[in-house]
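Here is the structure we will look at, set down as structure tokens.
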Amino acid sequence: MEELPKSYNSEAEIKIYSLWEKSSLTNPDRMKEYLEKEGVEVKSPFTITLPPPNANANLHLGHVCGYSFHDVIGRYMRMKGHPVLLLPGKDHAGIQTESVFTKHLEKEGKTKEELGREEFFRQTYEFCMKNAKNAREQEKRIGLSADYSRELFTLDPRLTEIIYETFFKMFKEGLIYRDKRIINQCPKCNTALADIDTEHESKRGIFAYIRYPLADSPEEYITVATTRPETMLGDTAVAVHPEDSRYAKYIGKKVLLPIAEREVPVIADEEVDTELGTGAVKVTPAHSPVDFELAQKHGLEIVNVINEKGLMEGDIPERFKGMETVECSKALVKELNELGLLEKIENTVHEVMVCERCRTDIQPIISNQWYLNVKPLAEKALKELQRNKVKVYPKGQQRALEHFYANIQPWCISRQLWWGQRIPVWYSGGKKLYDWLLENKGKTVGDFEKEVGIKANGSGELFLGEEEPKSSKGEIWEKEEDVFDTWFSSGQWPFSTLEALGEEDLKKYYPTQMMIHARDIIFWWSARMIMMGLYRTEEVPFKDIFVTGMILADDGSKMSKSKENSVEPKAIFDKYGADALRLWYYSDALPGSNAPLREEKIKGNRNFINKIWNASRFIIMNIDKSEILEISKNDIKETEKTERVKDHVLQVGKYIEKYQFNLGAESIREFFWHELCDIWIEEAKKQVEGEPVGSVKRIEVFTELLYVLKENLKIMHPFIPFVTEAVWQELVNLDLAEGVLMAQQLRLI
RNA sequence: GGGUGAUUAGCUCAGCUGGCUAGAGCGUCACAUUGACAUUGUGAAGGUCACAGGUUCAAGUCCUGUAUCACCCACCA
């Protein structure tokens, strides 16, 4: 009767989204009111705090598709009578954003130092807000039914306050402390990094064999092999294996470090591998984690020769000062060769640590940083995992997480950045004094003044708080410059967000039900959220972790901007629509496995979306205006078909609850296309052939068909919300349905 | 060095607690079709489920081992 377009136009998706927004039923409080009004039993709230994407760029396909998992489960739960809260947010992404925005400034010929800390922070904030807006639009474009009235940014002052509380509590309990040890320094980002923020890469390098003459008999020498000759300037020992007969006679003697002209001892340690290199190893405690351990064990001196920018410094010959490490290495090799102390150089490939963000080589250096002793937290988290209070899907990832907890090391939480939450600490008499006293246990402020030669205007104590503390006479307080590691705040995301939104939200919606995110951040994020959540709330922040697969380029390689094989979400939306993309993702991106993006597969799903539109169109167009009243009575008899539909709906529901979205997606496609369309509609055509409009037969056939269609739209809606809602609204226009499909309740009994 | 996962049709993959005469999508081939849908329908071809053992009435599915690949973790100069 009514002329509907011949094919489904996915451009309508934007209009449909605004319909949902207008309904405000993405707000769980409104949804609860709605259910009460409808006289439906209100079930317990269902909450997922959504992973906040970095607010320094647009979303990529992985983000966007990831949200379709949140959304399918959220929509399903909503249609089951749970007030659902999908809580969105955006992440300030400390180091990454600082680097992105600094580059952005560079292009305009500016530096962050010119702007100053406050202005830099302000501009970066603005930059993030702009990106957040784009990201939000993209989230809506995939159909994410999140409650945007509650959206939070990780640097929101309400959140920062909660993060600070955690810090104070941890400090008071002795979990947080300052320590001087070897850290991973990224010379480019110019900040310390936690171990987890680094990656390993195979790189070509050299293996140089250098002769260290004995101090008391220069004609004898020990040859050491190294991949980093420049660190020899900071050597404080040579280590050999205690049972290595080649070197036994040298143990306890001294060698003369060439060029640096320093005498260092030959020590014996079990850790030394006699097979590797020459069996004698140079020890550089300040610039190698292994050597640092050795130095602790043997009480060796620590000599710093590389600074935080990766340049040579310290007690070294003038000519090397300020050189980059590689440059220095070359210069040293040349000089050693001239002195006849270079035995040979081999080319090798070795593993080097690089910055996870900018892929610059990590410089291990000695530095004072803030640490969190995560061991006790990890133990609790591990126990909860083992008690199945938190489950990880797929199972294999759970074991990886358990392993992570079992082997956890202190977490360096301070970063030398401007973009982030400033650590709320004040030092009486300055940070330098505090660190000096820490290193020189038992000494006093007076000793500091004498030995360092600086007047200390303070007691060397700490004050915890944001605002400058009151000073007694002459006392000067220095504010901590460092900020928290991003993950220190995002690690508190589930409870911090809900708490920031108010006592009531926390009570109603915490703990949350599940966490869904990509595999690559499981240690960074989920691992931390469980620990911090337990610490602050004594409850696990979520019961299930669902780890999504990664989207790959069509040749199976990783998508990356540099390879120019990445696909913009917009391109897919424009061409095939969000529903088609979602349906493809459910089917192909199984947890733990990767999904190469094949356009023809999305196209196949788009065909199905269109099929839904057309089957509905057929039914709608065949119902005569005069028959609407009769049909809308929905006087439905229990038939074989209605029973089949009921079973089908139940089955799909089970799949969703077991997180088997691929089976759910397959199931709805199979049922709608090959049962409803290919068989039932074809049958109906024959049944009504020749029947006059308004006949009992026609009313019966179309009543049943309409019922079947509506039940199918409902169960398909969580997967493909747009087209199903579009059809539903056409039915509403004809008085054949009511309200929004999003809020309809499934019949699951 | 340790861990996890994968290996099933030409391609991408499903197959939950063992019952399969092994499935889907895309591709291929044949036929049909102005149909609600030129974004359709019907049908066909195509697989000793990596390999070798074992448990079982029964194994793609469980166990052991082997091989190849992928990812993660790890301080080896």
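By order of appearance in the structure tokens: chains A, B, ..., then residues from 1 within every chain, and ligands from 1 in the order shown.
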Exercise. Got a sec to pull out which chain A residues are within 8 Å of chain B, counting only C-alpha atoms (C1' of nucleotides), and send them as a PyMOL selection string?
Worked result: chain A and resi 6-7+225-227+276-277+281-282+288-290+396-397+399-400+588+592+596+600-601+604+606-608+610-611+614-619+662-663+666
Problem set entry | For A:Val100: contacts at 9 Å, only C-alpha atoms (C1' of nucleotides), fewer than 5 positions along chain excluded, given as a ChimeraX atom specification | /A:56-57,95,105
Output file for the residues above (N, CA, C and O atoms, as an mmCIF file, in the first residue's frame):
data_model
loop_
_atom_site.group_PDB
_atom_site.id
_atom_site.type_symbol
_atom_site.label_atom_id
_atom_site.label_comp_id
_atom_site.auth_asym_id
_atom_site.auth_seq_id
_atom_site.Cartn_x
_atom_site.Cartn_y
_atom_site.Cartn_z
ATOM 1 N N ASN A 56 43.419 11.883 21.470
ATOM 2 C CA ASN A 56 44.375 12.637 20.658
ATOM 3 C C ASN A 56 44.264 12.318 19.174
ATOM 4 O O ASN A 56 45.045 12.766 18.362
ATOM 5 N N ALA A 57 43.284 11.519 18.816
ATOM 6 C CA ALA A 57 43.105 11.177 17.403
ATOM 7 C C ALA A 57 41.686 10.658 17.188
ATOM 8 O O ALA A 57 40.961 10.428 18.154
ATOM 9 N N ILE A 95 51.488 10.230 27.888
ATOM 10 C CA ILE A 95 52.703 10.350 27.091
ATOM 11 C C ILE A 95 52.395 10.475 25.602
ATOM 12 O O ILE A 95 53.013 11.234 24.871
ATOM 13 N N LEU A 105 52.717 21.288 17.778
ATOM 14 C CA LEU A 105 53.298 22.610 18.053
ATOM 15 C C LEU A 105 54.525 22.844 17.187
ATOM 16 O O LEU A 105 54.714 23.926 16.646
#
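In this structure, atom CA of A:Ile423 sits 10.2 Å away from atom CA of A:Thr160.
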Problem set entry | Which of stretch 200-236 of chain A DSSP labels strand (DSSP E or B), written as a list in words |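 Restricting stretch 200-236 of chain A to strand (DSSP E or B) produces His200, Glu201, Ser202, Lys203, Arg204, Gly205, Ile206, Phe207, Ala208, Tyr209, Ile210, Arg211, Tyr212, Pro213, Leu214, Tyr221, Ile222, Thr223, Val224, Ala225 and Thr226 of chain A.
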Exercise. Among stretch 407-632 of chain A, which residues carry a DSSP assignment of alpha helix (DSSP H), reported as a count of residues only?
Worked result: 96
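Here atom CA of A:Val84 is placed at a distance of 5.8 Å from atom CA of A:Pro45.
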Problem set entry | Gap from atom CA of A:Cys189 to atom CA of A:Pro229 - Å, one decimal | 24.1 Å
Exercise. Which of these residues is nearest to B:A67, using only C-alpha atoms (C1' of nucleotides): B:A50, B:A32, B:G1, B:G19?
Worked result: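 Nearest to B:A67: B:A50.
Every protein, DNA or RNA residue with an atom at most 12 Å from B:U56, where only C-alpha atoms (C1' of nucleotides) count and chain neighbours fewer than 6 positions away do not, is listed here: G18, C62 and C63 of chain B.
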For this session: Name all residues at most 8 Å from stretch 378-383 of chain A (count only C-alpha atoms (C1' of nucleotides); drop same-chain ones fewer than 5 positions away) and give them as an MDAnalysis selection string.
Result: chainID A and resid 402 405:406 408 530:531 534
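Shortest atom-to-atom contact with B:G2 among A:His403, A:Lys508, A:Arg204, A:Lys654: A:His403, counting only C-alpha atoms (C1' of nucleotides).
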For this session: Compile the contact shell of A:Leu339 as a list in words: residues with an atom at most 10 Å away, counting only C-alpha atoms (C1' of nucleotides), same-chain residues fewer than 6 positions apart removed.
Result: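 Contacts, in chain order: Pro258, Ile259 and Val333 of chain A.
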So that I have them on file, write out the residues from the current selection with all heavy atoms, as a PDB file, in the first residue's frame.
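Below is the file part24.pdb, written as the result:
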ATOM      1  N   PRO A 258      90.501   1.394  29.826  1.00  0.00           N
ATOM      2  CA  PRO A 258      91.150   2.269  28.852  1.00  0.00           C
ATOM      3  C   PRO A 258      90.336   3.548  28.659  1.00  0.00           C
ATOM      4  O   PRO A 258      89.130   3.542  28.864  1.00  0.00           O
ATOM      5  CB  PRO A 258      91.148   1.449  27.560  1.00  0.00           C
ATOM      6  CG  PRO A 258      90.762   0.069  27.941  1.00  0.00           C
ATOM      7  CD  PRO A 258      90.009   0.150  29.217  1.00  0.00           C
ATOM      8  N   ILE A 259      91.024   4.606  28.256  1.00  0.00           N
ATOM      9  CA  ILE A 259      90.423   5.903  27.953  1.00  0.00           C
ATOM     10  C   ILE A 259      89.854   6.592  29.199  1.00  0.00           C
ATOM     11  O   ILE A 259      90.224   7.719  29.509  1.00  0.00           O
ATOM     12  CB  ILE A 259      89.356   5.811  26.834  1.00  0.00           C
ATOM     13  CG1 ILE A 259      90.065   5.306  25.555  1.00  0.00           C
ATOM     14  CG2 ILE A 259      88.705   7.179  26.576  1.00  0.00           C
ATOM     15  CD1 ILE A 259      89.183   5.060  24.379  1.00  0.00           C
ATOM     16  N   VAL A 333      85.386   3.400  19.655  1.00  0.00           N
ATOM     17  CA  VAL A 333      85.911   2.260  18.898  1.00  0.00           C
ATOM     18  C   VAL A 333      87.132   2.689  18.095  1.00  0.00           C
ATOM     19  O   VAL A 333      88.146   1.995  18.040  1.00  0.00           O
ATOM     20  CB  VAL A 333      84.813   1.684  17.983  1.00  0.00           C
ATOM     21  CG1 VAL A 333      85.401   0.768  16.937  1.00  0.00           C
ATOM     22  CG2 VAL A 333      83.778   0.943  18.821  1.00  0.00           C
TER      23      VAL A 333
END
